[in-house]
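Novice: File data08.cif follows (mmCIF, C-alpha atoms and all ligand atoms):
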```cif
data_start
#
loop_
_atom_site.label_atom_id
_atom_site.label_comp_id
_atom_site.auth_asym_id
_atom_site.auth_seq_id
_atom_site.Cartn_x
_atom_site.Cartn_y
_atom_site.Cartn_z
CA MET A 1 -15.03 -19.22 11.52
CA GLY A 2 -18.63 -19.56 10.46
CA ALA A 3 -19.86 -19.21 6.93
CA VAL A 4 -22.34 -16.63 8.15
CA ALA A 5 -19.58 -14.44 9.49
CA ILE A 6 -17.79 -14.58 6.18
CA ALA A 7 -20.94 -13.95 4.19
CA ALA A 8 -21.66 -10.90 6.31
CA ILE A 9 -18.57 -9.08 5.18
CA ILE A 10 -17.57 -10.48 1.82
CA ALA A 11 -18.67 -9.00 -1.46
CA VAL A 12 -18.18 -5.52 -0.14
CA THR A 13 -16.13 -2.64 -1.42
CA VAL A 14 -14.64 -0.65 1.37
CA ALA A 15 -13.08 2.76 1.05
CA VAL A 16 -10.23 3.96 3.20
CA THR A 17 -11.99 6.87 4.82
CA THR A 18 -12.02 5.70 8.38
CA SER A 19 -11.14 8.01 11.23
CA ALA A 20 -7.65 8.09 12.60
CA SER A 21 -6.93 6.25 15.77
CA GLY A 22 -3.93 5.02 17.63
CA ASP A 23 -0.45 6.32 17.46
CA ASP A 24 1.43 3.38 16.05
CA ARG A 25 3.77 5.00 13.61
CA THR A 26 5.17 3.00 10.75
CA GLY A 27 7.86 0.89 12.33
CA THR A 28 10.67 -1.12 10.96
CA THR A 29 10.78 -3.59 13.80
CA THR A 30 8.21 -5.91 15.23
CA GLU A 31 9.23 -5.90 18.85
CA GLY A 32 6.50 -7.05 21.15
CA SER A 33 4.24 -8.14 18.35
CA THR A 34 5.45 -11.20 16.59
CA ALA A 35 3.91 -14.13 14.83
CA THR A 36 5.16 -16.29 17.65
CA GLU A 37 2.85 -14.46 19.98
CA ALA A 38 0.05 -14.47 17.47
CA SER A 39 0.37 -18.20 17.03
CA GLY A 40 -0.70 -18.55 20.63
CA SER A 41 -4.11 -17.14 19.66
CA SER A 42 -7.07 -19.18 18.55
CA LYS A 43 -7.02 -17.66 15.07
CA THR A 44 -6.40 -20.18 12.36
CA GLY A 45 -7.71 -18.56 9.18
CA THR A 46 -5.69 -17.68 6.11
CA ALA A 47 -6.15 -14.80 3.68
CA LEU A 48 -4.72 -14.12 0.24
CA ILE A 49 -3.98 -10.42 -0.28
CA LEU A 50 -3.66 -9.21 -3.89
CA GLY A 51 -1.74 -5.95 -4.09
CA ALA A 52 -2.84 -3.44 -6.73
CA MET A 53 -3.74 -5.83 -9.53
CA GLN A 54 -5.52 -3.03 -11.39
CA ASP A 55 -5.20 -1.36 -14.78
CA CYS A 56 -3.02 1.52 -13.60
CA PHE A 57 -0.15 -0.86 -12.75
CA MET A 58 -0.60 -3.27 -15.68
CA GLU A 59 1.18 -3.77 -18.98
CA ASP A 60 -0.88 -3.02 -22.06
CA SER A 61 -1.28 -6.67 -23.07
CA VAL A 62 -3.42 -7.40 -20.01
CA SER A 63 -5.09 -4.11 -19.04
CA SER A 64 -8.80 -3.72 -19.76
CA THR A 65 -8.07 -0.62 -21.83
CA GLY A 66 -5.30 -2.15 -23.96
CA LYS A 67 -2.99 0.64 -22.78
CA ASN A 68 -0.06 0.63 -20.41
CA GLY A 69 -1.05 1.65 -16.91
CA THR A 70 -0.12 5.14 -15.74
CA LEU A 71 2.34 3.49 -13.32
CA ARG A 72 3.06 0.36 -15.34
CA VAL A 73 5.08 -2.30 -13.54
CA GLU A 74 7.20 -4.59 -15.68
CA GLY A 75 6.17 -8.23 -15.67
CA THR A 76 2.58 -7.72 -14.60
CA ALA A 77 1.29 -9.60 -17.64
CA SER A 78 3.07 -12.77 -16.56
CA VAL A 79 2.28 -12.43 -12.86
CA ILE A 80 -1.44 -12.75 -13.54
CA ASP A 81 -0.96 -16.38 -14.62
CA VAL A 82 0.90 -17.16 -11.41
CA ILE A 83 -1.75 -15.56 -9.20
CA ASN A 84 -4.57 -17.21 -11.15
CA GLU A 85 -2.93 -20.63 -10.78
CA ILE A 86 -2.62 -20.18 -7.03
CA ARG A 87 -6.27 -19.19 -6.73
CA GLN A 88 -7.62 -21.81 -9.09
CA GLU A 89 -5.44 -24.71 -7.92
CA ARG A 90 -5.17 -23.88 -4.24
CA GLY A 91 -8.14 -21.64 -3.47
CA CYS A 92 -8.87 -24.16 -0.72
CA LEU A 93 -6.04 -22.66 1.32
CA PHE A 94 -7.68 -19.27 1.71
CA ASP A 95 -10.68 -18.33 3.81
CA VAL A 96 -10.88 -14.95 2.15
CA VAL A 97 -9.27 -13.04 -0.71
CA VAL A 98 -8.68 -9.29 -0.42
CA ARG A 99 -7.86 -7.12 -3.43
CA SER A 100 -6.11 -3.96 -2.28
CA GLU A 101 -6.40 -1.14 -4.84
CA ASP A 102 -4.76 2.28 -5.21
CA ASP A 103 -7.37 5.03 -5.56
CA HIS A 104 -6.14 8.63 -5.65
CA PRO A 105 -7.86 11.98 -6.03
CA ARG A 106 -6.43 14.35 -8.64
CA HIS A 107 -3.37 16.33 -7.52
CA HIS A 108 -2.49 13.70 -4.92
CA ILE A 109 0.61 14.37 -2.79
CA SER A 110 2.36 11.38 -4.40
CA PHE A 111 2.07 12.83 -7.91
CA ALA A 112 5.26 14.57 -9.07
CA SER A 113 3.13 16.94 -11.15
CA THR A 114 1.51 18.25 -7.96
CA HIS A 115 4.92 19.66 -6.97
CA GLY A 116 6.06 20.80 -10.43
CA LEU A 117 8.51 17.86 -10.63
CA PRO A 118 9.12 15.17 -13.25
CA PRO A 119 7.84 11.65 -12.55
CA PHE A 120 10.33 9.47 -10.66
CA ALA A 121 12.21 12.57 -9.43
CA HIS A 122 13.05 10.54 -6.31
CA THR A 123 15.32 8.31 -8.41
CA LEU A 124 17.51 11.18 -9.65
CA GLY A 125 19.93 11.26 -6.70
CA LYS A 126 18.16 13.35 -4.06
CA LEU A 127 15.75 10.64 -2.82
CA GLY A 128 12.12 11.47 -2.10
CA LEU A 129 10.56 14.85 -1.38
CA PRO A 130 11.00 15.69 2.34
CA ILE A 131 7.60 16.04 3.96
CA MET A 132 6.27 16.60 7.48
CA CYS A 133 3.18 14.76 8.68
CA ARG A 134 0.86 14.54 11.63
CA ASP A 135 -2.64 13.52 12.49
CA PHE A 136 -5.08 16.00 13.90
CA GLN A 137 -8.73 15.59 14.74
CA GLY A 138 -9.07 12.30 12.96
CA ARG A 139 -7.25 13.13 9.75
CA ALA A 140 -3.58 12.58 8.92
CA SER A 141 -1.90 15.00 6.53
CA CYS A 142 1.54 15.77 5.17
CA CYS A 143 3.13 18.91 3.71
CA PRO A 144 6.45 19.33 1.88
CA THR A 145 9.06 20.57 4.40
CA TYR A 146 9.97 23.21 1.81
CA TRP A 147 6.60 24.87 2.40
CA VAL A 148 6.41 24.26 6.16
CA GLU A 149 9.80 25.70 7.03
CA GLY A 150 10.16 28.00 4.05
CA PRO A 151 12.20 27.69 0.83
CA GLU A 152 15.30 29.11 2.53
CA SER A 153 15.30 26.18 4.99
CA GLN A 154 16.13 23.66 2.29
CA ASN A 155 19.41 23.16 0.46
CA CYS A 156 17.84 22.30 -2.86
CA ASP A 157 21.23 21.36 -4.31
CA ARG A 158 21.19 18.39 -1.97
CA VAL A 159 17.56 17.59 -1.20
CA LEU A 160 14.58 17.37 -3.50
CA CYS A 161 12.50 20.54 -3.49
CA PRO A 162 9.23 21.39 -5.22
CA ASP A 163 9.76 23.37 -8.43
CA SER A 164 7.63 26.36 -7.57
CA SER A 165 8.38 27.95 -10.96
CA ASN A 166 6.64 24.99 -12.52
CA MET A 167 3.58 25.13 -10.26
CA THR A 168 0.50 27.15 -11.03
CA GLU A 169 -0.96 29.36 -8.32
CA ASP A 170 -3.81 26.84 -8.13
CA ALA A 171 -1.43 23.95 -7.56
CA ARG A 172 0.43 25.85 -4.88
CA GLU A 173 -2.80 26.69 -3.09
CA ARG A 174 -3.88 23.07 -3.21
CA VAL A 175 -0.61 21.85 -1.69
CA LEU A 176 -0.72 24.52 1.01
CA ALA A 177 -4.30 23.53 1.85
CA SER A 178 -2.91 20.45 3.58
CA PRO A 179 -3.53 20.89 7.33
CA ALA A 180 0.08 19.79 8.02
CA CYS A 181 1.42 22.95 6.32
CA GLU A 182 -0.10 24.96 9.18
CA LEU A 183 0.07 22.39 11.97
CA CYS A 184 3.79 21.68 11.57
CA LEU A 185 4.77 25.34 11.30
CA ASP A 186 4.88 25.91 15.04
CA ASP A 187 5.17 22.36 16.30
CA ILE A 188 6.30 23.00 19.86
CA ASN A 189 5.18 19.57 21.03
CA ASN A 190 6.96 17.71 18.21
CA ARG A 191 3.85 15.95 17.09
CA CYS A 192 4.87 16.23 13.45
CA PHE A 193 7.36 13.78 12.03
CA SER A 194 9.53 13.93 8.94
CA THR A 195 9.64 11.40 6.13
CA ARG A 196 10.07 11.38 2.37
CA GLN A 197 7.58 10.97 -0.44
CA GLN A 198 8.41 9.21 -3.72
CA MET A 199 7.38 11.20 -6.78
CA TRP A 200 5.19 9.11 -9.06
CA PRO A 201 3.48 9.87 -12.35
CA ASP A 202 -0.21 10.74 -11.97
CA HIS A 203 -1.68 7.27 -11.48
CA CYS A 204 -4.79 5.37 -10.43
CA VAL A 205 -6.88 8.54 -10.46
CA GLN A 206 -10.33 7.91 -9.04
CA ASN A 207 -12.98 7.11 -11.68
CA GLU A 208 -10.45 7.45 -14.50
CA GLU A 209 -8.52 4.20 -14.45
CA SER A 210 -10.50 1.94 -12.18
CA GLY A 211 -10.64 -1.23 -14.30
CA ILE A 212 -8.97 -4.52 -13.54
CA PRO A 213 -7.29 -6.84 -16.05
CA PRO A 214 -9.96 -9.06 -17.66
CA SER A 215 -7.74 -12.14 -17.38
CA LEU A 216 -7.33 -11.78 -13.60
CA TYR A 217 -9.32 -14.50 -11.82
CA THR A 218 -11.74 -12.90 -9.36
CA THR A 219 -14.89 -13.95 -7.54
CA ASP A 220 -17.88 -12.07 -6.17
CA GLY A 221 -16.65 -13.00 -2.71
CA ASP A 222 -13.42 -10.99 -3.01
CA ILE A 223 -13.15 -8.07 -0.65
CA VAL A 224 -12.09 -4.95 -2.58
CA LEU A 225 -10.22 -2.49 -0.40
CA LYS A 226 -9.49 0.94 -1.83
CA ARG A 227 -6.71 3.06 -0.33
CA GLY A 228 -4.90 6.35 -0.96
CA ASP A 229 -7.93 8.62 -1.11
CA ASN A 230 -6.47 11.15 1.36
CA PRO A 231 -5.05 13.88 -0.95
CA TYR A 232 -2.35 14.75 1.59
CA VAL A 233 -1.02 11.29 2.56
CA ASP A 234 0.10 8.39 0.41
CA ALA A 235 -0.91 4.80 1.21
CA TYR A 236 1.17 1.84 0.05
CA SER A 237 -0.10 -0.63 2.65
CA ALA A 238 -3.44 -2.42 2.73
CA PHE A 239 -3.60 -1.76 6.48
CA ALA A 240 -3.03 1.97 6.80
CA ASP A 241 -1.78 5.12 5.14
CA ASN A 242 1.97 5.75 5.03
CA THR A 243 1.87 7.67 8.31
CA ASN A 244 0.28 4.56 9.86
CA ARG A 245 -2.18 6.97 11.50
CA ILE A 246 -5.29 6.21 9.43
CA PRO A 247 -6.09 2.51 9.46
CA THR A 248 -8.07 0.88 6.69
CA PRO A 249 -10.85 -1.49 7.75
CA LEU A 250 -8.65 -4.49 6.86
CA HIS A 251 -7.37 -5.36 10.34
CA ALA A 252 -10.90 -5.29 11.78
CA ILE A 253 -12.21 -7.43 8.93
CA LEU A 254 -9.44 -10.01 9.33
CA GLU A 255 -9.89 -10.10 13.10
CA GLN A 256 -13.59 -10.76 12.69
CA LEU A 257 -12.78 -13.61 10.30
CA GLU A 258 -10.17 -14.94 12.75
CA ILE A 259 -7.46 -14.71 10.12
CA HIS A 260 -3.94 -15.37 11.37
CA THR A 261 -1.86 -15.93 8.23
CA LEU A 262 -1.58 -13.68 5.18
CA TYR A 263 -0.20 -14.67 1.78
CA LEU A 264 0.90 -11.60 -0.18
CA VAL A 265 0.98 -11.45 -3.99
CA GLY A 266 0.73 -8.70 -6.63
CA VAL A 267 2.52 -5.35 -6.95
CA ALA A 268 4.74 -3.78 -6.04
CA THR A 269 7.11 -5.95 -4.02
CA ASP A 270 9.21 -2.96 -3.02
CA PHE A 271 6.33 -0.64 -2.03
CA GLY A 272 2.79 -1.95 -1.48
CA ILE A 273 3.82 -5.50 -0.60
CA LEU A 274 6.65 -4.31 1.65
CA TYR A 275 4.48 -1.81 3.55
CA THR A 276 1.64 -4.31 3.87
CA ALA A 277 4.04 -6.95 5.21
CA THR A 278 5.50 -4.51 7.74
CA HIS A 279 2.10 -3.33 8.95
CA ALA A 280 0.84 -6.92 9.11
CA ARG A 281 3.81 -8.02 11.21
CA ASN A 282 3.30 -5.04 13.51
CA ARG A 283 -0.26 -6.25 13.99
CA GLY A 284 0.83 -9.79 14.82
CA TYR A 285 0.04 -11.66 11.60
CA ASN A 286 2.00 -14.53 10.18
CA VAL A 287 3.12 -13.19 6.77
CA VAL A 288 4.09 -15.25 3.73
CA VAL A 289 5.30 -13.42 0.61
CA VAL A 290 4.94 -15.49 -2.58
CA LEU A 291 7.88 -13.86 -4.32
CA ASP A 292 7.36 -15.00 -7.90
CA ALA A 293 3.71 -13.95 -7.62
CA THR A 294 4.86 -10.36 -7.11
CA ARG A 295 6.48 -7.79 -9.40
CA HIS A 296 8.62 -4.84 -8.39
CA ILE A 297 9.36 -1.29 -9.54
CA ASN A 298 13.05 -0.87 -8.81
CA ASP A 299 15.76 -3.56 -8.67
CA ALA A 300 17.70 -1.95 -5.82
CA SER A 301 14.67 -1.36 -3.61
CA TYR A 302 13.44 -4.88 -4.45
CA GLU A 303 16.50 -6.48 -2.87
CA ALA A 304 16.25 -4.16 0.14
CA ALA A 305 12.53 -4.94 0.49
CA ILE A 306 13.12 -8.71 0.58
CA GLN A 307 15.82 -8.26 3.20
CA GLN A 308 13.62 -6.00 5.33
CA MET A 309 10.62 -8.32 5.12
CA GLU A 310 12.71 -11.32 6.16
CA GLU A 311 14.29 -9.37 9.02
CA GLU A 312 10.82 -8.45 10.22
CA GLY A 313 9.84 -12.11 10.29
CA SER A 314 7.94 -12.52 7.05
CA THR A 315 8.52 -15.79 5.21
CA VAL A 316 9.45 -15.73 1.52
CA VAL A 317 8.25 -18.67 -0.59
CA TYR A 318 7.55 -19.39 -4.27
CA ALA A 319 4.35 -20.31 -6.07
CA LYS A 320 5.48 -23.92 -6.39
CA ASP A 321 5.62 -24.14 -2.60
CA VAL A 322 2.03 -22.93 -2.31
CA LEU A 323 0.84 -25.25 -5.09
CA ALA A 324 2.47 -28.20 -3.28
CA MET A 325 0.50 -27.54 -0.09
CA GLU A 326 -2.34 -29.85 0.93
CA CYS A 327 -5.84 -28.46 1.22
CA PRO A 328 -7.05 -28.22 4.84
CA ASP A 329 -9.30 -31.05 6.02
CA GLY A 330 -12.73 -30.77 4.54
CA ALA A 331 -11.77 -28.09 2.01
CA ASN A 332 -11.72 -28.53 -1.71
ZN ZN B 401 -0.40 5.37 -5.57
#
```
In structure tokens, how does this file's structure come out?
Ligand SMILES: [Zn+2]

Specialist:
Amino acid sequence: MGAVAIAAIIAVTVAVTTSASGDDRTGTTTEGSTATEASGSSKTGTALILGAMQDCFMEDSVSSTGKNGTLRVEGTASVIDVINEIRQERGCLFDVVVRSEDDHPRHHISFASTHGLPPFAHTLGKLGLPIMCRDFQGRASCCPTYWVEGPESQNCDRVLCPDSSNMTEDARERVLASPACELCLDDINNRCFSTRQQMWPDHCVQNEESGIPPSLYTTDGDIVLKRGDNPYVDAYSAFADNTNRIPTPLHAILEQLEIHTLYLVGVATDFGILYTATHARNRGYNVVVVLDATRHINDASYEAAIQQMEEEGSTVVYAKDVLAMECPDGAN
């Protein structure tokens, strides 16, 4: 990979507003697209992907505002030292560093408040809010099943439902403005699919909480990739939204740089890191998760995430393993 090629695309901030393409739904297997196959390619580059190391996920002791992030993840203060050490001691291993950042409009579909629900409602026994999603004319969207099929369609004693009594008329109109609310109503061709949405506090709202922790080591060459700007679809992965219908520019950037191996660090192990690992494996990358350079949200989903990532062919290592690696020939 030439220095010119790298210089042409580094130091850019890219927003996830690309058009939808492809039909590769989020998968849990990597059949037909494995690192073994990818290793037969000529790509040899390595990237370090930092997941969501931004104020909204940080503890107060390290955020640029001195306040806890709106979706604070425990242990983020200590993970910065681990990530910094990897970059400062073994920056030679990485051809490029990508910082993937959450970036939501107000009233985003992932905000519990949008649906009249309390934050973390998905942890209260009914799992996430059932939603129906599809892509149409270049834009993916999702709508709560409650609104698509009607309130009477849902047994709200058993599944999570929006609390319409706690939603203003404005909020209801905003939710119903999602194209999926109409498109999935009469879905004779079954192009909509059902999934569930976790209910988070309002977090990482665009232009309101966009700082990064001052102690985080960064360089002007880092690629900053913003995701989650579609009000009707959440985006945990650095590669695509949660419907896997709207890709970010990341895959194209990494292909151009001939990157084959990704090291994943940051937050959250059980959401952003997991989804990024899955999408990366589906796209044929070799994936290495540096476990003690990540922090998670929920203990139970953390264990499940590690198991899923390993089953999908990602490798789990620790920072000491990365620090013990030799620099490639000619690098320093
Ligand atoms: Zn988010």

Novice: Which of these residues is nearest to ligand ZN 401 (chain B), using all atoms listed in the file: A:Glu152, A:Glu169, A:Asp234, A:Asp241?

Specialist: A:Asp234

Novice: Neighbours of ligand ZN 401 (chain B) within 12 Å, counting all atoms listed in the file, as a PyMOL selection string?

Specialist: chain A and resi 51-52+54+56-57+69-72+100-112+197-206+226-238+241-242+267-268+271-272

Novice: As an exercise, work out the distance from CA of Thr65 in chain A to CA of Val82 in chain A in Å and give it to one decimal place.

Specialist: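 These two atoms are separated by 21.5 Å.
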
Novice: Quick one: pull the distance between CA of Asn298 in chain A and CA of Ile83 in chain A, Å, one decimal.

Specialist: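 One can read the CA of Asn298 in chain A to CA of Ile83 in chain A distance as 20.9 Å.
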
Novice: Determine, using only C-alpha atoms, which residues of range 155-210 of chain A have any atom at most 10 Å from an atom of range 124-128 of chain A, and tabulate each with its shortest atom pair and distance in Å to one decimal place, rows ordered by chain and then rising number, as JSON lines.

Specialist:
```
{"residue": "A:Cys156", "atom": "CA", "partner": "A:Lys126", "partner_atom": "CA", "distance": 9.0}
{"residue": "A:Asp157", "atom": "CA", "partner": "A:Lys126", "partner_atom": "CA", "distance": 8.6}
{"residue": "A:Arg158", "atom": "CA", "partner": "A:Lys126", "partner_atom": "CA", "distance": 6.2}
{"residue": "A:Val159", "atom": "CA", "partner": "A:Lys126", "partner_atom": "CA", "distance": 5.1}
{"residue": "A:Leu160", "atom": "CA", "partner": "A:Lys126", "partner_atom": "CA", "distance": 5.4}
{"residue": "A:Cys161", "atom": "CA", "partner": "A:Lys126", "partner_atom": "CA", "distance": 9.2}
{"residue": "A:Thr195", "atom": "CA", "partner": "A:Gly128", "partner_atom": "CA", "distance": 8.6}
{"residue": "A:Arg196", "atom": "CA", "partner": "A:Gly128", "partner_atom": "CA", "distance": 4.9}
{"residue": "A:Gln197", "atom": "CA", "partner": "A:Gly128", "partner_atom": "CA", "distance": 4.9}
{"residue": "A:Gln198", "atom": "CA", "partner": "A:Gly128", "partner_atom": "CA", "distance": 4.6}
{"residue": "A:Met199", "atom": "CA", "partner": "A:Gly128", "partner_atom": "CA", "distance": 6.7}
```

Novice: Quick one: of A:Gln307, A:Ser164, A:Thr243, A:Ser61, who's nearest to Ser215 in chain A, counting only C-alpha atoms?

Specialist: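 Looking at the shortest contact to Ser215 in chain A, the residue is A:Ser61.
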
Novice: So what do you get for CA of Ala300 in chain A versus CA of Glu209 in chain A, distance-wise?

Specialist: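 Spanning CA of Ala300 in chain A to CA of Glu209 in chain A is a straight-line distance of 28.3 Å.
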
Novice: Which one is closest to Tyr275 in chain A: A:Ala171, A:Ala240, A:Ile246, A:Leu257? Count only C-alpha atoms.

Specialist: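 Between A:Ala171, A:Ala240, A:Ile246, A:Leu257, the residue approaching Tyr275 in chain A most closely is A:Ala240.
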
Novice: Can you find the residues with an atom no farther than 6 Å from (-4.7, -24.0, 4.6), counting all atoms listed in the file, and report them as a ChimeraX atom specification?

Specialist: /A:93,327-328

Novice: Using only C-alpha atoms, find the one residue out of A:Leu50, A:Glu149, A:Asp329, A:Leu117 that sits nearest to Thr269 in chain A.

Specialist: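 Once distances to Thr269 in chain A are computed over only C-alpha atoms, the minimum belongs to A:Leu50.
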
Novice: What's the 7 Å shell around Val98 in chain A, counting all atoms listed in the file, without same-chain residues fewer than 2 positions away, as a VMD selection string?

Specialist: chain A and resid 48 to 50 96 100 222 to 225

Novice: Using all atoms listed in the file, find the one residue out of A:Ser210, A:Ser153, A:Ala47, A:Asp292 that sits nearest to Ala280 in chain A.

Specialist: A:Ala47

Novice: Which neighbours of Glu89 in chain A fall inside 10 Å, counting only C-alpha atoms, when residues of the same chain fewer than 2 positions from it are skipped, and could you give them as a list of chain:residue names?

Specialist: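 Here the answer would be A:Ile83, A:Asn84, A:Glu85, A:Ile86, A:Arg87, A:Gly91, A:Cys92, A:Leu93, A:Val322, A:Leu323, A:Ala324, A:Cys327, A:Asn332.
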
Novice: List the spatial neighbours of Cys133 in chain A as a PDB file with C-alpha atoms, keeping the file's coordinate frame - criterion: any atom at most 7 Å away, only C-alpha atoms, same-chain residues fewer than 6 positions off excluded.

Specialist:
```pdb
ATOM      1  CA  SER A 141      -1.900  15.000   6.530  1.00  0.00           C
ATOM      2  CA  CYS A 142       1.540  15.770   5.170  1.00  0.00           C
ATOM      3  CA  CYS A 143       3.130  18.910   3.710  1.00  0.00           C
ATOM      4  CA  ALA A 180       0.080  19.790   8.020  1.00  0.00           C
ATOM      5  CA  CYS A 192       4.870  16.230  13.450  1.00  0.00           C
ATOM      6  CA  PHE A 193       7.360  13.780  12.030  1.00  0.00           C
ATOM      7  CA  SER A 194       9.530  13.930   8.940  1.00  0.00           C
TER       8      SER A 194
END
```

Novice: With distances taken over all atoms listed in the file, which residue among A:Arg134, A:His115, A:Gln154, A:Leu129 lies nearest Met167 in chain A?

Specialist: A:His115

Novice: Which residues, written as number ranges by chain, have at least one atom at most 10 Å from Glu182 in chain A, with only C-alpha atoms counted and residues fewer than 4 positions away on the same chain left out?

Specialist: A: 143, 147-148, 176-178, 186-187
